[in-house]
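S.K.: Quick one: this structure, given as structure tokens, is what I'll be asking you about.
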Amino acid sequence: DEMIIPGFEICTRLSPEEIKSIQQKISHGENPMTFKRQLAKLIVEWLTGSDAAQKAEEQFEQIHQKGETPEEMMEIKVKEKELALADALVLAKLVGSKSEARRQIEQGGIKVDEMKVTDVNARVSISKNGVLIQKGKRFFVKLSL
């Protein structure tokens, strides 16, 4: 939260008065998330244009606020119809090793087709339509034949 105002100062073209107004709103109890989102949108807009900024904001809402699956995600083609979940996580580069995969699974950080998996020996069946693997709230990969 302490980086919101410096972010506006360094990364936007807002006037000092506008930034001071934001600072006052935050100090009077307004939700800092409102201003974090505004800052993020201004930065993305500056770097990639307003259409990309709007799309990024919609995707953020879809994934982080509504808990939905993103429309676009990395898809990896595999030859096997079934894989150990730990192997699938490594293959999808969601984790760096099988031991990390097992820890993530045990801690409940992995979902397969929106179902939490906690069995470190779990296997995933892969079809032509694919299987969705999710790590945490933000990382999605589709494995398909």
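Following the order of the structure tokens, chains are lettered A, B, ..., residues in each are numbered from 1, and ligands are numbered from 1.
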Please provide the set of residues having any atom within 8 Å of Ala92 of chain A, restricted to only C-alpha atoms, with same-chain residues fewer than 4 positions apart removed, written as a VMD selection string.

M.R.: chain A and resid 76 88 141 143

S.K.: Give me a file of those residues, with C-alpha atoms, as a compact mmCIF listing (two decimals), in the first residue's frame.

M.R.:
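Listing of part.txt after writing:
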# COMPACT_ATOMS: atom_id res chain seq x y z
CA ILE A 76 0.33 -28.02 -24.00
CA ALA A 88 1.84 -32.99 -15.32
CA VAL A 141 -2.58 -24.61 -18.05
CA LEU A 143 -3.09 -30.26 -21.28

S.K.: Name the residues in contact with segment 112-116 of chain A at a cut-off of 8 Å, using only C-alpha atoms, excluding same-chain residues fewer than 6 positions from it; report them as a list in words.

M.R.: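 My reading of the contact set: Val124, Val131, Leu132, Ile133 and Gln134 of chain A.
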
S.K.: Please give the complete set of residues from chain A that DSSP, run on the backbone, assigns to alpha helix (DSSP H), formatted as an MDAnalysis selection string.

M.R.: chainID A and resid 4:11 16:27 32:48 50:60 85:91 98:106

S.K.: Nearest residue to Ala122 of chain A out of A:Ile110, A:Ile4, A:Val78, A:Leu85, using only C-alpha atoms?

M.R.: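 Result for the nearest residue to Ala122 of chain A: A:Leu85.
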
S.K.: Considering only C-alpha atoms, return as a count of residues only whatever protein or nucleic-acid residues lie within 8 Å of Ile126 of chain A, sequence-local ones (same chain, fewer than 3 positions apart) excluded.

M.R.: 10

S.K.: Determine the nearest neighbour of Glu9 of chain A from the options A:Thr34, A:Gln23, A:Gln54, A:Thr48, counting only C-alpha atoms.

M.R.: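 Selected residue with least distance to Glu9 of chain A: A:Gln23.
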
S.K.: Need the shell around Glu57 of chain A: protein/DNA/RNA residues with any atom at most 10 Å away, counting only C-alpha atoms. Skip same-chain ones fewer than 5 positions apart. Format as number ranges by chain?

M.R.: A: 37-38, 40-41, 44, 51-52, 62
